[in-house]
Amino acid sequence: MECWRVDIGYEVLENLLPFSSRMLLQFNIVSDNFPVSDNFPVSDNFPVSDNFPVSDNFPVLRPPKMKFSPFRLVVSALVAGTSLLSVFSSTAQAGHWKTVIPTYTVSNRTPGNDTNTVTPAGNGGGLTTDDGTEHGVQASGGEQVAGTVQAEFEWEFDDGKNITTDPPPADVTVLEYGDASWRAEKLGRGGFGGPRGLNSTPSAEEVSYTGAYRRHMQGPRLFLAQVQQNPSGNADNGLGGNGPPLYEADADGKGGHSKSYKITVYHPSGTKLTIPTRTLNASITDKAGAGPTEINTSWAYRARILTLGITRDTITRDTIDITDPKVSDLKDVNVGEPIVLTATISGLLDNTPVTGKTWTVEGTTVKSYTQSNHEATKLDLTNDDLLNQDSVKFYWFQGKVGIDGTPDPNGTKVKFDVSIGGNPIHLMATFNVNRPTSSYSGQYTNRIHPVDVTHYMIGTEERNRNGLGDFINDGLTSNAQVSTSAHGAGSIAYVQLIIESHSATRNDNSTRTLSSNGDYVLDDGDTGTTILYPRPYTNQPMVAIGNSDTQPINTSDTPEDKLLPIYKSTTSANPFNTYLIYKANDKYNNDPNIWVPLSVLHWEWAGTAQKIADVYPDSGSQKWQEVGHGTPYREATDPAFLPMAALPTTDPPQWKKSHSELVPVG
């Protein structure tokens with residue numbers, strides 16, 4: 001006796017079984033005249049007649065055309081891959097893997113009478129090749145199916161080359177997928193009484209409904225079988241337990257499955273890359289009683305060469321694979337240069353789970369740093385930038401340094417961690433981050449009483465001022481020297497921030513104040529047009545510096561309060577932060593470099609002046625004097641001021657307002 005599973009279309013069932021729109025039925029061939037054989041002739045011309053005999057008690061049925069064939073083991077293919085080793089011309093291997101599909105060898109087959117032919121698998125869930133077909137090996141069967149699989153890739157030289165001049169990559173990453181499952185279900189009886197065995201006598205009701213249909217079908221007797229109970233089975237994916245559990249039962253208890261992804265790095269020594277054998281099997285150990293049962297066991301295996309790396313988008317050039325050791329020039333970068341990195345993972349099988357993407361960047365970085373007269377803002381990288389992202393963009397202010405503050409001789413690393421099918425993958429690229437070296441110091445004026453009142457003439461106009469230094473002695477001078485690396489040509493300059501706190505009392509005792517409320521603002525010289533601090537005797541605030549070059553850059557400041565005739569006293573206290581900054585020349589027109597802080601000098605002045613007479617007896621001008629000691633302070637007997645060393649910094653100047661935007665009160 002042979003049994004075939006067939007689907008009866010909706011047209012039949014809506015008349016036959018009003019409670020169901022579609023049901024799986026089992027045919028039992030009982031007629032002596034009905035041919036039962038593995039060689040049963042299969043034809044699309046199965047006789048279907050509109051002259052089906054009609055009974056008063058039986059609805060007209062027009063059964064669909066059917067094609068019967070015994071269930072057989074099927075072996076087919078899903079994609080296995082090739083290494084793209086680099087899709088980027090500057091780093092690609094000269095040769096290539098011969099095909100995107102490895103050669104599969106299948107042995108130890110159960111059942112053992114099946115061939116080892118590999119054929120297209122159709123919808124198997126694997127990768128697709130250019131022609132849309134999927135490749136790999138898979139098998140399915142009855143109560144048990146097993147097989148041992150081995151995949152092999154072959155390297156192909158370029159014309160005129162050999163294993164010495166065109167070897168395969170030293171490291172080759174291979175992704176394998178194994179899947180085995182079993183399923184056993186008893187076929188339901190629908191609405192016809194309780195469960196019965198396969199050969200039990202049908203009820204009168206069943207005979208009434210099936211008699212006419214059996215006559216038309218040349219003998220098959222239709223009945224419904226019992227409900228599935230508690231089957232059991234085993235499955236082994238052949239790869240181990242990475243990713244999903246090694247074995248997991250189906251939620252309804254009627255089957256089980258075992259699937260896994262395995263990633264291995266191989267080191268091929270010749271033109272062949274042979275993957276170790278993998279044995280997969282699935283079996284049903286207990287069908288939970290007699291009766292017609294829908295059973296299935298299957299396994300599938302596929303392999304693919306993965307291309308893994310970190311690539312850098314150089315904006316105006318092709319994207320470059322910087323994990324390839326041959327592109328060291330692209331890993332030599334300047335601070336302030338835009339760095340756009342992408343983790344490349346090519347060759348994944350369809351539906352391969354990829355989770356836990358995490359970027360880690362050594363050194364001191366910023367996501368962005370923008371400057372204008374009104375505002376300068378630094379944004380740091382956050383988890384939103386570093387987690388679950390294929391790409392990351394940032395700027396280095398400094399590479400990784402040792403305890404002594406000098407660059408790490410092992411370079412600065414960017415790491416990308418990810419889990420592929422439960423396998424942890426670690427990608428890494430190493431950079432040489434070039435930051436100029438510098439020396440910078442500030443020097444207060446060494447005149448006696450550095451902060452004092454000065455009387456001076458502008459033509460025939462007499463003026464008074466209170467401040468640090470005078471027209472002969474600069475209040476503070478800044479002296480710096482910067483040296484660049486072999487790729488460090490760019491510009492150097494100063495940016496100065498000030499905390500403004502000034503008040504003046506008029507002759508009528510009213511007051512006028514100007515304050516930044518304790519915040520540093522941009523010292524723009526009250527022009528509203530400059531960010532970089534000017535240098536005396538030149539209109540060029542920046543100094544150009546070349547590759548492997550050393551350049552000095554100097555500036556000075558002499559802060560003061562103007563002692564106007566309408567005032568009788570003034571007080572000022574101004575802390576300053578003067579930054580030495582650097583910017584490498586832009587490499588990419590549509591993504592410019594940013595300014596990078598090298599060091600910062602903190603200094604200050606403070607003083608109070610009071611009018612003590614309305615006129616000079618000889619000139620008619622005001623008479624002012626310094627009240628107490630200003631800051632800084634020095635008497636004739638005190639030693640000279642020593643230079644003040646600026647502090648190295650990677651924290652750039654930031655402000656929310658410029659000095660020219662401050663509004664006086666009063």
# chains A, B, ... in the order shown; residues from 1 in each chain; ligands from 1
>>> closest_atom_pairs(of="region 252-315 of chain A", to="region 228-240 of chain A", cutoff="9 Å", atoms="only C-alpha atoms", output="JSON lines")
{"residue": "A:Gly253", "atom": "CA", "partner": "A:Asn230", "partner_atom": "CA", "distance": 7.0}
{"residue": "A:Lys254", "atom": "CA", "partner": "A:Pro231", "partner_atom": "CA", "distance": 6.0}
{"residue": "A:Gly255", "atom": "CA", "partner": "A:Ser232", "partner_atom": "CA", "distance": 7.1}
{"residue": "A:Gly256", "atom": "CA", "partner": "A:Ala235", "partner_atom": "CA", "distance": 7.0}
{"residue": "A:His257", "atom": "CA", "partner": "A:Ala235", "partner_atom": "CA", "distance": 5.9}
{"residue": "A:Ser258", "atom": "CA", "partner": "A:Asn237", "partner_atom": "CA", "distance": 5.4}
{"residue": "A:Lys259", "atom": "CA", "partner": "A:Asn237", "partner_atom": "CA", "distance": 5.3}
{"residue": "A:Ser260", "atom": "CA", "partner": "A:Leu239", "partner_atom": "CA", "distance": 6.3}
{"residue": "A:Tyr261", "atom": "CA", "partner": "A:Leu239", "partner_atom": "CA", "distance": 7.2}
{"residue": "A:Lys262", "atom": "CA", "partner": "A:Leu239", "partner_atom": "CA", "distance": 6.5}
{"residue": "A:Thr277", "atom": "CA", "partner": "A:Gly238", "partner_atom": "CA", "distance": 8.9}
{"residue": "A:Arg278", "atom": "CA", "partner": "A:Gly238", "partner_atom": "CA", "distance": 5.2}
{"residue": "A:Thr279", "atom": "CA", "partner": "A:Gly238", "partner_atom": "CA", "distance": 4.9}
{"residue": "A:Leu280", "atom": "CA", "partner": "A:Gly238", "partner_atom": "CA", "distance": 4.7}
{"residue": "A:Asn281", "atom": "CA", "partner": "A:Asp236", "partner_atom": "CA", "distance": 5.5}
{"residue": "A:Ala282", "atom": "CA", "partner": "A:Ala235", "partner_atom": "CA", "distance": 4.2}
{"residue": "A:Ser283", "atom": "CA", "partner": "A:Asn234", "partner_atom": "CA", "distance": 5.3}
{"residue": "A:Ile284", "atom": "CA", "partner": "A:Gly233", "partner_atom": "CA", "distance": 4.1}
{"residue": "A:Thr285", "atom": "CA", "partner": "A:Gly233", "partner_atom": "CA", "distance": 4.8}
{"residue": "A:Asp286", "atom": "CA", "partner": "A:Ser232", "partner_atom": "CA", "distance": 5.1}
{"residue": "A:Lys287", "atom": "CA", "partner": "A:Pro231", "partner_atom": "CA", "distance": 4.7}
{"residue": "A:Ala288", "atom": "CA", "partner": "A:Pro231", "partner_atom": "CA", "distance": 4.8}
{"residue": "A:Gly289", "atom": "CA", "partner": "A:Gln229", "partner_atom": "CA", "distance": 8.0}
{"residue": "A:Thr293", "atom": "CA", "partner": "A:Gln228", "partner_atom": "CA", "distance": 7.5}
{"residue": "A:Thr297", "atom": "CA", "partner": "A:Ala235", "partner_atom": "CA", "distance": 8.7}
{"residue": "A:Ser298", "atom": "CA", "partner": "A:Ala235", "partner_atom": "CA", "distance": 8.9}
{"residue": "A:Trp299", "atom": "CA", "partner": "A:Asn237", "partner_atom": "CA", "distance": 7.4}
{"residue": "A:Ala300", "atom": "CA", "partner": "A:Asn237", "partner_atom": "CA", "distance": 8.2}
{"residue": "A:Tyr301", "atom": "CA", "partner": "A:Asn237", "partner_atom": "CA", "distance": 8.3}
>>> residues_around(residues="Val521 (chain A)", least_positions_apart="5", cutoff="12 Å", atoms="only C-alpha atoms", output="PyMOL selection string")
chain A and resi 372-376+495-501+515-516+526+531+574-578+653-662
>>> write_last_selection(atoms="N, CA, C and O atoms", output="short mmCIF file (atom, residue, chain, number, x, y, z; two decimals), in the first residue's frame")
data_model
loop_
_atom_site.label_atom_id
_atom_site.label_comp_id
_atom_site.auth_asym_id
_atom_site.auth_seq_id
_atom_site.Cartn_x
_atom_site.Cartn_y
_atom_site.Cartn_z
N SER A 372 32.20 80.36 15.05
CA SER A 372 31.74 81.60 14.43
C SER A 372 31.97 82.69 15.45
O SER A 372 32.30 82.43 16.61
N ASN A 373 31.77 83.95 15.05
CA ASN A 373 31.92 85.03 16.02
C ASN A 373 30.92 84.89 17.17
O ASN A 373 31.22 85.26 18.31
N HIS A 374 29.78 84.36 16.86
CA HIS A 374 28.73 84.26 17.87
C HIS A 374 28.92 83.04 18.77
O HIS A 374 28.60 83.08 19.96
N GLU A 375 29.47 81.96 18.21
CA GLU A 375 29.45 80.71 18.98
C GLU A 375 30.53 79.76 18.49
O GLU A 375 30.80 79.67 17.30
N ALA A 376 31.12 79.03 19.41
CA ALA A 376 32.00 77.90 19.09
C ALA A 376 31.57 76.73 19.96
O ALA A 376 31.48 76.86 21.19
N VAL A 495 43.59 82.13 19.43
CA VAL A 495 42.23 82.55 19.75
C VAL A 495 42.22 82.93 21.22
O VAL A 495 42.77 82.19 22.06
N GLN A 496 41.61 84.08 21.55
CA GLN A 496 41.62 84.55 22.93
C GLN A 496 40.20 84.72 23.45
O GLN A 496 39.34 85.28 22.78
N LEU A 497 39.98 84.22 24.67
CA LEU A 497 38.70 84.37 25.36
C LEU A 497 38.90 85.26 26.58
O LEU A 497 39.98 85.27 27.19
N ILE A 498 37.85 85.96 26.95
CA ILE A 498 37.91 86.89 28.07
C ILE A 498 36.64 86.79 28.91
O ILE A 498 35.55 86.57 28.37
N ILE A 499 36.80 86.92 30.23
CA ILE A 499 35.66 87.13 31.12
C ILE A 499 35.60 88.63 31.41
O ILE A 499 36.53 89.20 31.98
N GLU A 500 34.55 89.25 30.96
CA GLU A 500 34.42 90.70 31.14
C GLU A 500 33.71 91.03 32.44
O GLU A 500 32.64 90.46 32.74
N SER A 501 34.34 91.94 33.22
CA SER A 501 33.72 92.47 34.43
C SER A 501 34.22 93.90 34.61
O SER A 501 35.35 94.12 35.07
N SER A 515 29.37 93.28 31.54
CA SER A 515 29.70 92.00 32.15
C SER A 515 29.33 90.84 31.24
O SER A 515 28.32 90.90 30.52
N SER A 516 30.14 89.78 31.31
CA SER A 516 29.81 88.51 30.62
C SER A 516 29.27 87.49 31.60
O SER A 516 29.16 86.31 31.26
N ASP A 526 36.12 93.83 19.66
CA ASP A 526 34.91 94.63 19.46
C ASP A 526 34.65 94.96 18.00
O ASP A 526 33.96 95.92 17.67
N ILE A 531 37.73 86.04 14.42
CA ILE A 531 37.79 84.97 15.41
C ILE A 531 39.22 84.83 15.90
O ILE A 531 39.49 84.76 17.10
N ASN A 574 39.74 91.17 34.43
CA ASN A 574 39.59 90.36 33.22
C ASN A 574 40.54 89.17 33.22
O ASN A 574 41.73 89.33 32.97
N PRO A 575 40.02 87.94 33.46
CA PRO A 575 40.81 86.74 33.17
C PRO A 575 40.80 86.46 31.67
O PRO A 575 39.80 86.71 30.97
N PHE A 576 41.90 85.89 31.15
CA PHE A 576 42.03 85.55 29.74
C PHE A 576 42.49 84.10 29.60
O PHE A 576 43.29 83.62 30.41
N ASN A 577 42.02 83.45 28.54
CA ASN A 577 42.59 82.20 28.07
C ASN A 577 43.00 82.40 26.62
O ASN A 577 42.14 82.66 25.75
N THR A 578 44.29 82.31 26.37
CA THR A 578 44.80 82.50 25.01
C THR A 578 45.25 81.15 24.48
O THR A 578 46.14 80.51 25.05
N PRO A 653 38.70 76.00 22.54
CA PRO A 653 37.97 77.17 23.03
C PRO A 653 36.50 77.12 22.60
O PRO A 653 36.20 76.87 21.44
N GLN A 654 35.62 77.37 23.55
CA GLN A 654 34.18 77.39 23.27
C GLN A 654 33.59 78.67 23.84
O GLN A 654 34.00 79.13 24.91
N TRP A 655 32.64 79.23 23.15
CA TRP A 655 31.97 80.44 23.62
C TRP A 655 30.56 80.49 23.08
O TRP A 655 30.23 79.84 22.09
N LYS A 656 29.72 81.26 23.76
CA LYS A 656 28.33 81.45 23.35
C LYS A 656 28.07 82.88 22.87
O LYS A 656 26.95 83.20 22.45
N LYS A 657 29.09 83.71 22.95
CA LYS A 657 28.90 85.12 22.59
C LYS A 657 30.28 85.74 22.39
O LYS A 657 31.27 85.26 22.96
N SER A 658 30.36 86.77 21.58
CA SER A 658 31.60 87.53 21.44
C SER A 658 31.54 88.79 22.28
O SER A 658 30.46 89.25 22.68
N HIS A 659 32.72 89.38 22.53
CA HIS A 659 32.78 90.59 23.35
C HIS A 659 32.00 91.73 22.71
O HIS A 659 31.35 92.53 23.41
N SER A 660 32.00 91.79 21.41
CA SER A 660 31.29 92.87 20.73
C SER A 660 29.78 92.76 20.89
O SER A 660 29.05 93.72 20.63
N GLU A 661 29.30 91.60 21.32
CA GLU A 661 27.86 91.41 21.52
C GLU A 661 27.40 91.75 22.93
O GLU A 661 26.20 91.73 23.20
N LEU A 662 28.33 92.02 23.84
CA LEU A 662 27.94 92.38 25.20
C LEU A 662 27.26 93.76 25.20
O LEU A 662 27.69 94.67 24.48
#
>>> select_by_dssp(residues="region 504-567 of chain A", states="strand (DSSP E)", output="tab-separated table (two decimals) with N, CA, C and O atoms, in the first residue's frame")
chain	number	residue	atom	x	y	z
A	504	ALA	N	31.92	101.50	35.90
A	504	ALA	CA	32.39	102.88	35.94
A	504	ALA	C	31.34	103.73	36.64
A	504	ALA	O	30.13	103.55	36.42
A	505	THR	N	31.81	104.66	37.50
A	505	THR	CA	30.91	105.58	38.19
A	505	THR	C	31.06	106.96	37.58
A	505	THR	O	32.17	107.49	37.46
A	506	ARG	N	29.93	107.52	37.15
A	506	ARG	CA	29.95	108.83	36.52
A	506	ARG	C	30.09	109.92	37.59
A	506	ARG	O	29.92	109.70	38.79
A	511	THR	N	25.99	104.74	37.45
A	511	THR	CA	26.99	103.72	37.08
A	511	THR	C	26.71	103.14	35.70
A	511	THR	O	25.56	103.14	35.21
A	512	ARG	N	27.74	102.61	35.13
A	512	ARG	CA	27.67	101.88	33.86
A	512	ARG	C	28.47	100.59	34.04
A	512	ARG	O	29.61	100.61	34.50
A	513	THR	N	27.86	99.43	33.70
A	513	THR	CA	28.54	98.15	33.85
A	513	THR	C	28.56	97.40	32.52
A	513	THR	O	27.66	97.57	31.67
A	514	LEU	N	29.57	96.58	32.36
A	514	LEU	CA	29.67	95.68	31.20
A	514	LEU	C	30.17	94.35	31.73
A	514	LEU	O	31.25	94.28	32.33
A	515	SER	N	29.37	93.28	31.54
A	515	SER	CA	29.70	92.00	32.15
A	515	SER	C	29.33	90.84	31.24
A	515	SER	O	28.32	90.90	30.52
A	521	VAL	N	33.93	84.78	26.82
A	521	VAL	CA	33.41	85.15	25.50
A	521	VAL	C	34.59	85.37	24.57
A	521	VAL	O	35.74	85.53	25.01
A	522	LEU	N	34.32	85.37	23.29
A	522	LEU	CA	35.37	85.57	22.30
A	522	LEU	C	35.88	87.01	22.37
A	522	LEU	O	35.09	87.97	22.28
A	543	VAL	N	49.80	82.11	10.63
A	543	VAL	CA	51.14	81.87	10.11
A	543	VAL	C	51.11	80.54	9.38
A	543	VAL	O	50.69	79.52	9.94
A	544	ALA	N	51.56	80.53	8.13
A	544	ALA	CA	51.62	79.28	7.36
A	544	ALA	C	52.80	78.45	7.84
A	544	ALA	O	53.87	78.97	8.17
A	545	ILE	N	52.58	77.14	7.86
A	545	ILE	CA	53.64	76.22	8.26
A	545	ILE	C	53.64	75.04	7.29
A	545	ILE	O	52.57	74.58	6.86
A	550	THR	N	59.18	74.16	11.11
A	550	THR	CA	59.08	74.82	12.42
A	550	THR	C	58.90	76.30	12.20
A	550	THR	O	59.68	76.92	11.45
A	551	GLN	N	57.87	76.88	12.83
A	551	GLN	CA	57.58	78.30	12.66
A	551	GLN	C	57.27	78.94	14.01
A	551	GLN	O	56.57	78.35	14.83
A	552	PRO	N	57.78	80.20	14.23
A	552	PRO	CA	57.39	80.94	15.43
A	552	PRO	C	56.09	81.70	15.18
A	552	PRO	O	55.75	82.02	14.03
A	553	ILE	N	55.35	81.97	16.23
A	553	ILE	CA	54.17	82.83	16.14
A	553	ILE	C	54.06	83.60	17.45
A	553	ILE	O	54.04	83.02	18.53
A	554	ASN	N	54.02	84.92	17.35
A	554	ASN	CA	54.02	85.79	18.53
A	554	ASN	C	52.87	86.78	18.44
A	554	ASN	O	52.43	87.15	17.36
A	555	THR	N	52.40	87.21	19.60
A	555	THR	CA	51.39	88.26	19.67
A	555	THR	C	51.51	88.94	21.03
A	555	THR	O	52.31	88.53	21.88
A	556	SER	N	50.73	89.98	21.25
A	556	SER	CA	50.77	90.69	22.53
A	556	SER	C	49.41	91.32	22.80
A	556	SER	O	48.58	91.46	21.89
A	557	ASP	N	49.18	91.70	24.06
A	557	ASP	CA	47.94	92.35	24.45
A	557	ASP	C	48.25	93.35	25.56
A	557	ASP	O	49.06	93.05	26.46
A	560	GLU	N	43.16	97.70	28.81
A	560	GLU	CA	43.06	98.99	29.49
A	560	GLU	C	41.61	99.39	29.69
A	560	GLU	O	40.70	98.86	29.04
A	561	ASP	N	41.41	100.35	30.62
A	561	ASP	CA	40.16	101.10	30.74
A	561	ASP	C	40.43	102.53	30.30
A	561	ASP	O	41.42	103.15	30.75
A	562	LYS	N	39.59	103.09	29.46
A	562	LYS	CA	39.69	104.50	29.09
A	562	LYS	C	39.08	105.34	30.22
A	562	LYS	O	37.93	105.11	30.61
A	567	TYR	N	33.62	110.21	33.91
A	567	TYR	CA	33.72	109.25	35.01
A	567	TYR	C	34.60	109.81	36.12
A	567	TYR	O	35.53	110.61	35.90
>>> atom_distance(atom1="CA of Thr264 (chain A)", atom2="CA of Thr105 (chain A)")
19.4 Å
>>> atom_distance(atom1="CA of Ile345 (chain A)", atom2="CA of Val418 (chain A)")
10.2 Å
>>> residues_around(residues="Phe394 (chain A)", least_positions_apart="3", cutoff="9 Å", atoms="only C-alpha atoms", output="list in words")
Gly336, Glu337, Pro338, Ile339, Val340, Leu341, Thr365, Val366, Lys367, Ser368, Asp380 and Leu381 of chain A
>>> write_last_selection(atoms="C-alpha atoms", output="mmCIF file, in the first residue's frame")
data_model
loop_
_atom_site.group_PDB
_atom_site.id
_atom_site.type_symbol
_atom_site.label_atom_id
_atom_site.label_comp_id
_atom_site.auth_asym_id
_atom_site.auth_seq_id
_atom_site.Cartn_x
_atom_site.Cartn_y
_atom_site.Cartn_z
ATOM 1 C CA GLY A 336 41.543 67.857 12.819
ATOM 2 C CA GLU A 337 41.185 65.782 9.644
ATOM 3 C CA PRO A 338 37.727 64.261 8.981
ATOM 4 C CA ILE A 339 37.734 60.500 9.566
ATOM 5 C CA VAL A 340 34.803 58.539 8.108
ATOM 6 C CA LEU A 341 35.043 54.793 8.713
ATOM 7 C CA THR A 365 38.176 62.717 19.516
ATOM 8 C CA VAL A 366 35.261 65.014 18.788
ATOM 9 C CA LYS A 367 32.216 64.453 16.663
ATOM 10 C CA SER A 368 32.369 68.063 15.478
ATOM 11 C CA ASP A 380 31.580 64.594 21.595
ATOM 12 C CA LEU A 381 30.822 61.137 20.253
#
>>> residues_around(residues="region 622-636 of chain A", least_positions_apart="2", cutoff="8 Å", atoms="only C-alpha atoms", output="ChimeraX atom specification")
/A:446-453,464,466,565,604-616,620,638-640
>>> closest_residue(among="A:Leu532, A:Val149, A:Val335, A:Ile458", to="Leu598 (chain A)", atoms="only C-alpha atoms")
A:Val335
>>> atom_distance(atom1="CA of Ala146 (chain A)", atom2="CA of Ser107 (chain A)")
9.3 Å
